[in-house]
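Just data_6.txt here, compact mmCIF, C-alpha atoms and all ligand atoms:
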# COMPACT_ATOMS: atom_id res chain seq x y z
CA MET A 32 36.82 24.62 -60.15
CA LYS A 33 34.46 22.75 -57.85
CA LYS A 34 36.09 21.14 -54.84
CA GLU A 35 36.11 17.39 -55.19
CA ILE A 36 36.58 14.54 -52.77
CA TRP A 37 38.13 11.39 -54.22
CA ALA A 38 37.73 8.36 -51.96
CA ILE A 39 39.89 5.29 -52.52
CA GLY A 40 38.83 1.94 -51.12
CA GLY A 41 38.63 -1.65 -52.19
CA GLY A 42 38.16 -4.12 -49.40
CA LYS A 43 41.47 -5.95 -49.45
CA GLY A 44 44.72 -4.68 -47.91
CA GLY A 45 47.90 -4.55 -49.99
CA THR A 46 46.30 -3.79 -53.34
CA GLY A 47 47.88 -0.33 -53.55
CA LYS A 48 45.23 2.04 -52.24
CA SER A 49 47.74 4.13 -50.34
CA VAL A 50 50.29 4.18 -53.14
CA LEU A 51 47.69 5.24 -55.68
CA SER A 52 46.18 7.84 -53.33
CA ALA A 53 49.64 9.35 -52.92
CA LEU A 54 50.30 9.30 -56.66
CA PHE A 55 46.92 10.82 -57.57
CA ALA A 56 47.49 13.56 -55.01
CA THR A 57 51.04 14.23 -56.18
CA ARG A 58 49.92 14.44 -59.77
CA ALA A 59 47.14 16.91 -58.98
CA ALA A 60 49.60 19.07 -57.02
CA GLY A 61 51.91 18.97 -60.04
CA LYS A 62 49.02 20.45 -62.05
CA LYS A 63 49.02 23.43 -59.70
CA LYS A 64 45.98 22.27 -57.80
CA LYS A 65 45.67 22.75 -54.05
CA VAL A 66 45.57 19.20 -52.77
CA ILE A 67 44.93 17.59 -49.42
CA LEU A 68 45.71 13.93 -48.99
CA VAL A 69 43.95 12.29 -46.05
CA ASP A 70 44.99 9.04 -44.46
CA GLY A 71 41.60 7.67 -43.51
CA ASP A 72 43.06 4.26 -42.78
CA LEU A 73 42.49 4.81 -39.09
CA GLY A 74 44.66 2.34 -37.27
CA GLY A 75 46.81 1.21 -40.18
CA GLY A 76 47.77 4.46 -41.85
CA ASN A 77 51.13 4.63 -43.58
CA LEU A 78 50.88 7.57 -45.95
CA HIS A 79 53.30 9.63 -43.86
CA THR A 80 56.10 7.18 -44.71
CA PHE A 81 55.70 7.96 -48.42
CA PHE A 82 56.49 11.57 -47.69
CA ASN A 83 59.09 10.93 -44.98
CA ILE A 84 56.96 12.59 -42.35
CA SER A 85 57.27 11.65 -38.71
CA PRO A 86 54.15 9.94 -37.29
CA ASP A 87 54.34 12.18 -34.22
CA LYS A 88 52.83 15.14 -36.01
CA SER A 89 49.21 15.93 -35.28
CA SER A 90 46.79 13.51 -36.88
CA LEU A 91 43.11 12.79 -37.30
CA ASN A 92 43.28 11.38 -33.82
CA ASP A 93 43.62 14.92 -32.48
CA PHE A 94 40.56 15.98 -34.42
CA PHE A 95 38.42 13.12 -33.13
CA GLU A 96 39.75 12.96 -29.58
CA LYS A 97 41.17 16.33 -28.67
CA LYS A 98 38.70 18.22 -30.83
CA ILE A 99 41.32 20.38 -32.47
CA ASP A 100 40.43 22.11 -35.71
CA LEU A 101 40.75 19.89 -38.76
CA LYS A 102 42.81 22.54 -40.50
CA ASP A 103 45.33 22.36 -37.66
CA THR A 104 46.02 18.74 -38.52
CA LEU A 105 47.32 19.70 -41.98
CA ILE A 106 50.97 18.90 -42.50
CA ASP A 107 53.08 20.39 -45.28
CA THR A 108 54.86 17.95 -47.54
CA LYS A 109 57.89 18.51 -49.73
CA ILE A 110 55.58 18.64 -52.69
CA SER A 111 54.40 22.13 -53.34
CA GLY A 112 50.61 22.44 -53.11
CA LEU A 113 50.19 19.11 -51.32
CA LYS A 114 49.26 18.86 -47.66
CA LEU A 115 48.72 15.70 -45.66
CA ILE A 116 46.43 14.72 -42.82
CA THR A 117 47.84 11.59 -41.23
CA GLY A 118 45.78 8.78 -39.81
CA ASP A 119 48.32 7.28 -37.52
CA MET A 120 46.15 6.48 -34.57
CA ARG A 121 48.37 4.00 -32.72
CA SER A 122 46.22 2.80 -29.82
CA TYR A 123 43.12 4.39 -31.25
CA ASN A 124 40.16 2.19 -32.08
CA PRO A 125 38.78 3.29 -35.44
CA LEU A 126 35.45 1.59 -34.81
CA SER A 127 34.81 3.99 -31.98
CA VAL A 128 34.49 6.90 -34.38
CA LYS A 129 30.78 7.54 -34.29
CA TYR A 130 28.64 8.26 -37.30
CA ILE A 131 28.02 11.80 -36.08
CA GLN A 132 31.75 12.40 -35.77
CA ARG A 133 32.21 11.11 -39.28
CA LEU A 134 29.60 13.51 -40.60
CA LYS A 135 31.29 16.34 -38.77
CA PHE A 136 34.60 15.21 -40.20
CA TYR A 137 33.11 15.31 -43.70
CA ARG A 138 31.61 18.72 -43.18
CA HIS A 139 34.93 20.09 -41.99
CA LEU A 140 36.83 18.31 -44.72
CA LYS A 141 34.71 20.01 -47.36
CA GLN A 142 35.46 23.37 -45.80
CA LEU A 143 39.23 23.01 -46.07
CA ASP A 144 40.96 25.18 -48.59
CA ALA A 145 41.62 22.77 -51.46
CA ASP A 146 40.69 21.99 -55.05
CA ILE A 147 40.88 18.29 -54.51
CA ILE A 148 40.86 16.11 -51.43
CA VAL A 149 42.13 12.56 -51.81
CA LEU A 150 40.91 10.23 -49.09
CA ASP A 151 42.68 6.90 -48.61
CA LEU A 152 40.07 4.77 -46.87
CA GLY A 153 42.19 1.75 -46.08
CA ALA A 154 41.01 -1.85 -46.14
CA GLY A 155 37.85 -3.41 -44.87
CA THR A 156 34.14 -2.80 -45.10
CA ALA A 157 33.39 -1.17 -41.75
CA LEU A 158 30.33 1.04 -41.88
CA ASN A 159 32.50 4.12 -41.49
CA THR A 160 34.43 3.12 -44.57
CA LEU A 161 31.30 2.42 -46.61
CA ASP A 162 29.70 5.70 -45.57
CA SER A 163 32.78 7.75 -46.40
CA PHE A 164 32.98 6.03 -49.74
CA LEU A 165 29.36 6.82 -50.52
CA LEU A 166 29.75 10.47 -49.57
CA ALA A 167 32.63 11.08 -51.98
CA ASP A 168 32.36 12.81 -55.35
CA LYS A 169 34.59 10.22 -56.98
CA MET A 170 34.35 6.64 -55.72
CA ILE A 171 37.49 4.74 -56.63
CA LEU A 172 38.09 1.04 -56.05
CA VAL A 173 41.51 -0.55 -56.40
CA SER A 174 42.12 -4.22 -57.03
CA THR A 175 44.99 -6.36 -58.23
CA ALA A 176 44.35 -9.11 -60.76
CA GLU A 177 44.44 -11.71 -57.99
CA ILE A 178 41.24 -13.60 -57.45
CA THR A 179 41.07 -12.84 -53.72
CA SER A 180 41.43 -9.15 -54.43
CA ILE A 181 38.71 -9.21 -57.08
CA GLU A 182 36.42 -11.17 -54.77
CA ASN A 183 36.98 -8.59 -52.07
CA LEU A 184 36.16 -5.79 -54.43
CA TYR A 185 33.03 -7.55 -55.49
CA LEU A 186 31.97 -7.99 -51.88
CA PHE A 187 32.79 -4.36 -51.18
CA VAL A 188 30.46 -3.26 -53.98
CA LYS A 189 27.73 -5.51 -52.68
CA LYS A 190 28.03 -3.97 -49.23
CA ILE A 191 28.09 -0.50 -50.71
CA ILE A 192 24.88 -1.15 -52.58
CA VAL A 193 23.11 -2.66 -49.61
CA ARG A 194 24.25 0.20 -47.42
CA LYS A 195 23.06 2.74 -49.95
CA ILE A 196 19.68 1.12 -50.39
CA LYS A 197 19.22 0.64 -46.67
CA ASP A 198 19.99 4.32 -46.14
CA MET A 199 17.58 5.44 -48.78
CA LEU A 200 14.77 3.14 -47.72
CA SER A 201 15.03 4.08 -44.06
CA TYR A 202 15.16 7.74 -45.01
CA GLU A 203 11.91 7.27 -46.90
CA GLY A 204 10.27 5.44 -44.00
CA PHE A 205 10.50 1.86 -45.27
CA ARG A 206 12.96 0.80 -42.64
CA ASP A 207 11.19 -2.19 -41.14
CA ILE A 208 9.67 -3.89 -44.15
CA ASP A 209 12.93 -4.06 -46.00
CA GLN A 210 15.24 -5.15 -43.20
CA THR A 211 14.44 -8.81 -43.83
CA ILE A 212 15.21 -8.64 -47.50
CA LEU A 213 18.42 -6.76 -46.99
CA LYS A 214 19.53 -9.27 -44.39
CA THR A 215 18.89 -12.11 -46.80
CA VAL A 216 20.91 -10.42 -49.50
CA LEU A 217 23.80 -9.62 -47.18
CA ASN A 218 24.00 -13.04 -45.61
CA SER A 219 23.54 -15.13 -48.72
CA ARG A 220 26.60 -17.19 -49.53
CA GLU A 221 26.05 -17.26 -53.23
CA THR A 222 25.54 -14.00 -55.01
CA ILE A 223 21.92 -13.07 -55.30
CA LYS A 224 21.46 -11.61 -58.71
CA PHE A 225 20.65 -7.99 -58.35
CA SER A 226 17.78 -8.25 -60.77
CA ASP A 227 16.18 -10.79 -58.39
CA PHE A 228 16.68 -8.39 -55.54
CA ILE A 229 14.99 -5.61 -57.47
CA GLU A 230 12.12 -8.00 -58.22
CA LEU A 231 11.73 -8.67 -54.51
CA LEU A 232 11.53 -4.98 -53.79
CA LYS A 233 9.20 -4.32 -56.68
CA GLY A 234 6.71 -6.68 -55.12
CA MET A 235 6.62 -4.35 -52.12
CA GLY A 236 5.55 -1.32 -54.05
CA LYS A 237 6.39 1.19 -56.72
CA ASP A 238 8.04 3.61 -54.32
CA GLN A 239 10.63 1.12 -53.17
CA GLU A 240 11.52 0.27 -56.71
CA LYS A 241 12.08 3.89 -57.61
CA ILE A 242 14.11 4.57 -54.50
CA VAL A 243 16.37 1.64 -55.24
CA THR A 244 16.85 2.54 -58.88
CA ASP A 245 17.59 6.18 -58.11
CA GLY A 246 19.96 5.22 -55.31
CA LEU A 247 21.94 2.92 -57.55
CA GLY A 248 22.22 5.61 -60.18
CA GLU A 249 24.17 7.65 -57.64
CA VAL A 250 26.76 4.96 -57.09
CA ARG A 251 29.37 5.68 -59.78
CA ILE A 252 32.35 3.46 -59.23
CA ASN A 253 35.73 3.98 -60.89
CA LEU A 254 37.70 0.75 -61.09
CA VAL A 255 41.49 0.76 -61.08
CA LEU A 256 43.67 -2.33 -61.45
CA ASN A 257 47.11 -2.23 -59.87
CA GLN A 258 50.28 -4.33 -59.77
CA ILE A 259 49.60 -5.75 -63.21
CA ARG A 260 52.40 -8.08 -64.30
CA GLU A 261 51.07 -9.17 -67.68
CA LYS A 262 49.22 -6.87 -70.00
CA VAL A 263 46.55 -9.45 -70.74
CA LEU A 264 45.42 -9.25 -67.10
CA SER A 265 44.38 -5.64 -67.55
CA LYS A 266 41.35 -6.99 -69.41
CA TYR A 267 40.00 -8.09 -66.04
CA GLY A 268 38.98 -4.48 -65.67
CA ILE A 269 36.48 -4.87 -68.48
CA SER A 270 35.24 -8.19 -67.09
CA LEU A 271 34.77 -6.67 -63.65
CA LYS A 272 32.83 -3.80 -65.09
CA ASN A 273 30.59 -6.20 -67.01
CA ILE A 274 30.01 -8.39 -63.98
CA LEU A 275 29.03 -5.39 -61.87
CA LYS A 276 26.55 -4.40 -64.54
CA ARG A 277 25.11 -7.87 -64.87
CA HIS A 278 24.80 -8.68 -61.18
CA TYR A 279 24.22 -5.32 -59.56
CA ASN A 280 23.04 -3.19 -62.44
CA ILE A 281 25.81 -0.72 -61.63
CA ASP A 282 27.47 1.30 -64.38
CA ALA A 283 31.07 1.14 -63.21
CA LEU A 284 33.87 2.81 -65.12
CA PHE A 285 37.16 1.04 -65.73
CA SER A 286 39.57 3.96 -65.33
CA GLY A 287 42.77 2.11 -66.17
CA TYR A 288 45.59 0.01 -64.75
CA VAL A 289 49.06 0.42 -63.27
CA ASN A 290 51.88 -2.05 -63.88
CA TYR A 291 53.82 -3.77 -61.17
CA ASN A 292 57.08 -1.86 -60.69
CA ASP A 293 59.84 -2.43 -58.13
CA LYS A 294 60.38 1.28 -57.53
CA VAL A 295 56.75 1.60 -56.49
CA ARG A 296 57.25 -1.19 -54.01
CA GLU A 297 60.11 0.72 -52.39
CA LEU A 298 57.87 3.73 -51.92
CA ALA A 299 55.92 2.08 -49.13
CA ASN A 300 59.11 1.50 -47.14
CA GLY A 301 60.05 5.15 -47.40
CA ASP A 302 62.98 4.14 -49.63
CA ALA A 303 61.94 6.03 -52.73
CA ASP A 304 61.01 9.62 -53.40
CA ILE A 305 57.45 9.96 -54.66
CA ASN A 306 58.45 12.40 -57.39
CA SER A 307 61.05 9.99 -58.74
CA VAL A 308 58.41 7.26 -58.83
CA PHE A 309 56.15 9.57 -60.71
CA LYS A 310 58.83 10.13 -63.31
CA ILE A 311 59.01 6.45 -64.20
CA ASP A 312 57.37 6.56 -67.60
CA GLU A 313 54.98 3.65 -67.30
CA ILE A 314 53.84 4.78 -63.85
CA GLY A 315 53.54 8.51 -64.49
CA SER A 316 51.64 8.05 -67.72
CA SER A 317 49.24 5.51 -66.20
CA ILE A 318 48.49 7.83 -63.31
CA ASP A 319 47.92 10.68 -65.78
CA PHE A 320 45.61 8.54 -67.84
CA ILE A 321 43.66 7.18 -64.87
CA SER A 322 43.31 10.58 -63.15
CA GLY A 323 42.09 12.08 -66.41
CA ASN A 324 39.47 9.38 -66.80
CA ILE A 325 38.28 9.75 -63.23
CA LYS A 326 38.04 13.50 -63.59
CA LYS A 327 36.14 13.37 -66.86
CA GLY A 328 34.02 10.34 -66.02
CA SER A 329 35.37 8.55 -69.08
CA ASP A 330 36.80 5.07 -69.21
CA VAL A 331 38.93 2.57 -71.05
CA ASN A 332 37.51 0.60 -73.89
CA PHE A 333 38.51 -2.89 -74.83
CA ASN A 334 40.52 -1.88 -77.89
CA GLU A 335 42.80 0.35 -75.84
CA LEU A 336 44.10 -2.62 -73.86
N1 LIG A 401 52.20 -0.81 -58.88
C1 LIG A 401 52.92 -1.38 -57.90
N2 LIG A 401 54.08 -2.02 -58.16
C2 LIG A 401 54.78 -2.60 -57.17
N3 LIG A 401 54.46 -2.57 -55.89
C3 LIG A 401 53.30 -1.94 -55.57
C4 LIG A 401 52.49 -1.31 -56.54
N4 LIG A 401 51.43 -0.76 -55.90
C5 LIG A 401 51.59 -1.03 -54.60
N5 LIG A 401 52.72 -1.74 -54.40
C6 LIG A 401 53.23 -2.26 -53.13
O1 LIG A 401 52.26 -3.08 -52.53
C7 LIG A 401 52.27 -2.91 -51.12
C8 LIG A 401 50.89 -2.49 -50.67
O2 LIG A 401 50.59 -1.19 -51.18
P1 LIG A 401 49.70 -0.17 -50.35
O3 LIG A 401 49.48 1.03 -51.19
O4 LIG A 401 50.26 0.03 -48.99
O5 LIG A 401 48.37 -1.04 -50.27
P2 LIG A 401 47.02 -0.75 -49.47
O6 LIG A 401 47.03 0.68 -49.10
O7 LIG A 401 45.95 -1.11 -50.45
O8 LIG A 401 47.04 -1.68 -48.30
C9 LIG A 401 53.33 -1.87 -50.83
O9 LIG A 401 54.52 -2.51 -50.49
C10 LIG A 401 53.46 -1.13 -52.14
O10 LIG A 401 54.72 -0.54 -52.31
MG MG A 402 46.93 1.53 -47.19
Let me see the structure of the file written as structure tokens.
Amino acid sequence: MKKEIWAIGGGKGGTGKSVLSALFATRAAGKKKKVILVDGDLGGGNLHTFFNISPDKSSLNDFFEKKIDLKDTLIDTKISGLKLITGDMRSYNPLSVKYIQRLKFYRHLKQLDADIIVLDLGAGTALNTLDSFLLADKMILVSTAEITSIENLYLFVKKIIVRKIKDMLSYEGFRDIDQTILKTVLNSRETIKFSDFIELLKGMGKDQEKIVTDGLGEVRINLVLNQIREKVLSKYGISLKNILKRHYNIDALFSGYVNYNDKVRELANGDADINSVFKIDEIGSSIDFISGNIKKGSDVNFNEL
């Protein structure tokens, strides 16, 4: 099996990125995979609490600051096959992690002995977060059905796209000409339709158009809805997918949804055991379903909701 990195992001805090990262990782370990769960929420990491692990253990901080080997930051969990890298940075400023360090981090991450690496990116749209997201094999975005959360996800995708295009254009030597356009797109208050954006770039030449189209083809987003309280809200997943197609010309996949459940809430306080949460039928089966979809690149269709 090819080693895969799954990155979980989504702009807004509190949607359930950490919970879902932990559940995806636990499930994969249950399938006898070698799994590493990474708390990439530098500054606000809390994954260790889900596994009742003390925050004093070595963390990513030691990799970035003390230059210890990444494999020496691995911590065993009670779940067989699942190791954790914590992101508890306390006084550490995540923005100070340089691009080069990030690339090194990625290189080392890929070399770790694992079948699957689950990377919880935390909230926000810092460049580090966007870059890590774009480097992953599986790009997963989590939102609740709340409008603010959906708006954040939408903005996250926009930033992802702009970042991707900017990267590709500068790589191909179009850095200067396209800065102005990209700035306009990023700063616009209303959403610029992506088709209009493509038109703008087309006017600048065939090469730019191709670069943009190819770049977007590489952005394969898996959407997950979480904390769903009424089944009807799960249909937002389909709407979101359609909106991303219409506005950004992105083929996102709606991988599935997870219900709101009180036991899951307790997990974040360290009051519940992750395996027991997994055994709650509606949670375990959703995580199975969603993981399967992400792995296969399949998604939910309207009739299944
Ligand atoms: N499906 C769910 N049902 C109930 N509570 C949830 C669910 N998913 C997440 N939560 C709760 O929401 C809060 C935020 O979750 P967390 O995973 O820490 O979010 P994030 O990592 O996106 O900031 C936590 O208290 C968590 O227990
Ligand atoms: Mg989190």
Quick one: which chain A residues come within 6 Å of ligand MG 402 (chain A), and what is the nearest atom pair for each with the distance in Å to one decimal, counting all atoms listed in the file, rows ordered by chain and ascending number, as a Markdown table?
| residue | atom | partner | partner_atom | distance |
| --- | --- | --- | --- | --- |
| A:Lys48 | CA | A:MG402 | MG | 5.4 |
| A:Ser49 | CA | A:MG402 | MG | 4.2 |
| A:Gly153 | CA | A:MG402 | MG | 4.9 |
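Of the residues listed (A:Thr244, A:Thr104, A:Asn292, A:Asn159), A:Asn292 shows the shortest atom-to-atom separation from ligand LIG 401 (chain A); distances use all atoms listed in the file.
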Give me, as JSON lines, the closest atom pair and its distance (Å, one decimal) for every residue of chain A within a cut-off of 10 Å of ligand LIG 401 (chain A), counting all atoms listed in the file, rows sorted by chain and rising number.
{"residue": "A:Ile39", "atom": "CA", "partner": "A:LIG401", "partner_atom": "O7", "distance": 9.1}
{"residue": "A:Gly40", "atom": "CA", "partner": "A:LIG401", "partner_atom": "O7", "distance": 7.8}
{"residue": "A:Gly41", "atom": "CA", "partner": "A:LIG401", "partner_atom": "O7", "distance": 7.5}
{"residue": "A:Gly42", "atom": "CA", "partner": "A:LIG401", "partner_atom": "O7", "distance": 8.4}
{"residue": "A:Lys43", "atom": "CA", "partner": "A:LIG401", "partner_atom": "O7", "distance": 6.7}
{"residue": "A:Gly44", "atom": "CA", "partner": "A:LIG401", "partner_atom": "O8", "distance": 3.8}
{"residue": "A:Gly45", "atom": "CA", "partner": "A:LIG401", "partner_atom": "O8", "distance": 3.4}
{"residue": "A:Thr46", "atom": "CA", "partner": "A:LIG401", "partner_atom": "O7", "distance": 4.0}
{"residue": "A:Gly47", "atom": "CA", "partner": "A:LIG401", "partner_atom": "O3", "distance": 3.2}
{"residue": "A:Lys48", "atom": "CA", "partner": "A:LIG401", "partner_atom": "O7", "distance": 3.7}
{"residue": "A:Ser49", "atom": "CA", "partner": "A:LIG401", "partner_atom": "O3", "distance": 3.7}
{"residue": "A:Val50", "atom": "CA", "partner": "A:LIG401", "partner_atom": "O3", "distance": 3.8}
{"residue": "A:Leu51", "atom": "CA", "partner": "A:LIG401", "partner_atom": "O3", "distance": 6.4}
{"residue": "A:Ser52", "atom": "CA", "partner": "A:LIG401", "partner_atom": "O3", "distance": 7.9}
{"residue": "A:Ala53", "atom": "CA", "partner": "A:LIG401", "partner_atom": "O3", "distance": 8.5}
{"residue": "A:Leu54", "atom": "CA", "partner": "A:LIG401", "partner_atom": "O3", "distance": 9.9}
{"residue": "A:Asp70", "atom": "CA", "partner": "A:LIG401", "partner_atom": "O6", "distance": 9.8}
{"residue": "A:Asp72", "atom": "CA", "partner": "A:LIG401", "partner_atom": "O6", "distance": 8.3}
{"residue": "A:Gly75", "atom": "CA", "partner": "A:LIG401", "partner_atom": "O8", "distance": 8.6}
{"residue": "A:Gly76", "atom": "CA", "partner": "A:LIG401", "partner_atom": "O6", "distance": 8.2}
{"residue": "A:Asn77", "atom": "CA", "partner": "A:LIG401", "partner_atom": "O4", "distance": 7.2}
{"residue": "A:Leu78", "atom": "CA", "partner": "A:LIG401", "partner_atom": "O4", "distance": 8.2}
{"residue": "A:Phe81", "atom": "CA", "partner": "A:LIG401", "partner_atom": "O10", "distance": 9.4}
{"residue": "A:Asp151", "atom": "CA", "partner": "A:LIG401", "partner_atom": "O6", "distance": 7.6}
{"residue": "A:Leu152", "atom": "CA", "partner": "A:LIG401", "partner_atom": "O6", "distance": 8.4}
{"residue": "A:Gly153", "atom": "CA", "partner": "A:LIG401", "partner_atom": "O6", "distance": 5.8}
{"residue": "A:Ala154", "atom": "CA", "partner": "A:LIG401", "partner_atom": "O8", "distance": 6.4}
{"residue": "A:Gly155", "atom": "CA", "partner": "A:LIG401", "partner_atom": "O8", "distance": 10.0}
{"residue": "A:Leu172", "atom": "CA", "partner": "A:LIG401", "partner_atom": "O7", "distance": 9.9}
{"residue": "A:Val173", "atom": "CA", "partner": "A:LIG401", "partner_atom": "O7", "distance": 7.4}
{"residue": "A:Ser174", "atom": "CA", "partner": "A:LIG401", "partner_atom": "O7", "distance": 8.2}
{"residue": "A:Thr175", "atom": "CA", "partner": "A:LIG401", "partner_atom": "N4", "distance": 8.8}
{"residue": "A:Leu256", "atom": "CA", "partner": "A:LIG401", "partner_atom": "N1", "distance": 9.0}
{"residue": "A:Asn257", "atom": "CA", "partner": "A:LIG401", "partner_atom": "N1", "distance": 5.4}
{"residue": "A:Gln258", "atom": "CA", "partner": "A:LIG401", "partner_atom": "N1", "distance": 4.1}
{"residue": "A:Ile259", "atom": "CA", "partner": "A:LIG401", "partner_atom": "N1", "distance": 7.1}
{"residue": "A:Arg260", "atom": "CA", "partner": "A:LIG401", "partner_atom": "N2", "distance": 8.8}
{"residue": "A:Tyr288", "atom": "CA", "partner": "A:LIG401", "partner_atom": "N1", "distance": 8.9}
{"residue": "A:Val289", "atom": "CA", "partner": "A:LIG401", "partner_atom": "N1", "distance": 5.5}
{"residue": "A:Asn290", "atom": "CA", "partner": "A:LIG401", "partner_atom": "N1", "distance": 5.2}
{"residue": "A:Tyr291", "atom": "CA", "partner": "A:LIG401", "partner_atom": "N2", "distance": 3.5}
{"residue": "A:Asn292", "atom": "CA", "partner": "A:LIG401", "partner_atom": "N2", "distance": 3.9}
{"residue": "A:Asp293", "atom": "CA", "partner": "A:LIG401", "partner_atom": "C2", "distance": 5.2}
{"residue": "A:Lys294", "atom": "CA", "partner": "A:LIG401", "partner_atom": "C2", "distance": 6.8}
{"residue": "A:Val295", "atom": "CA", "partner": "A:LIG401", "partner_atom": "C2", "distance": 4.7}
{"residue": "A:Arg296", "atom": "CA", "partner": "A:LIG401", "partner_atom": "O10", "distance": 3.1}
{"residue": "A:Glu297", "atom": "CA", "partner": "A:LIG401", "partner_atom": "O10", "distance": 5.5}
{"residue": "A:Leu298", "atom": "CA", "partner": "A:LIG401", "partner_atom": "O10", "distance": 5.3}
{"residue": "A:Ala299", "atom": "CA", "partner": "A:LIG401", "partner_atom": "O10", "distance": 4.3}
{"residue": "A:Asn300", "atom": "CA", "partner": "A:LIG401", "partner_atom": "O9", "distance": 7.0}
{"residue": "A:Gly301", "atom": "CA", "partner": "A:LIG401", "partner_atom": "O10", "distance": 9.2}
{"residue": "A:Asp302", "atom": "CA", "partner": "A:LIG401", "partner_atom": "O10", "distance": 9.9}
{"residue": "A:Ala303", "atom": "CA", "partner": "A:LIG401", "partner_atom": "O10", "distance": 9.8}
{"residue": "A:Glu313", "atom": "CA", "partner": "A:LIG401", "partner_atom": "N1", "distance": 9.9}
{"residue": "A:Ile314", "atom": "CA", "partner": "A:LIG401", "partner_atom": "N1", "distance": 7.7}
With 12 Å as the threshold, what does the neighbourhood of (9.7, 1.1, -54.3) contain in terms of residues, counting only C-alpha atoms? Coordinates are those of the file; answer as a ChimeraX atom specification.
/A:196,199-201,203-205,208-209,228-246
Point (34.0, 4.1, -71.0), cut-off 7 Å, counting only C-alpha atoms, residues as a PyMOL selection string:
chain A and resi 284-285+329-332
For Lys266 in chain A, which residue out of A:Glu182, A:Glu335, A:Asp146, A:Asp282 is the nearest one, using all atoms listed in the file?
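For Lys266 in chain A, the nearest of the given residues is A:Glu335.
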Kindly give the distance, in Å, that separates CA of Phe82 in chain A and CA of Asn306 in chain A, rounded to a single decimal.
9.9 Å
Selection near Lys326 in chain A, 12 Å with all atoms listed in the file, sequence-local residues under 5 positions removed, as an MDAnalysis selection string
chainID A and resid 32:37 55 59 147 168:171 253 284 286 318:321
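Taking CA of Ser163 in chain A as the reference point, CA of Tyr202 in chain A is found at 17.7 Å.
Proximity to His79 in chain A was assessed for A:Arg251, A:Lys114, A:Lys310, A:Lys62 counting all atoms listed in the file; the smallest distance is recorded for A:Lys114.
For the residues A:Ser85, A:Ile181, A:Gly328, A:Ser111, ranking by smallest atom-to-atom distance to Leu275 in chain A using all atoms listed in the file places A:Ile181 first.
Going from CA of Leu101 in chain A to CA of Arg58 in chain A covers 23.6 Å.
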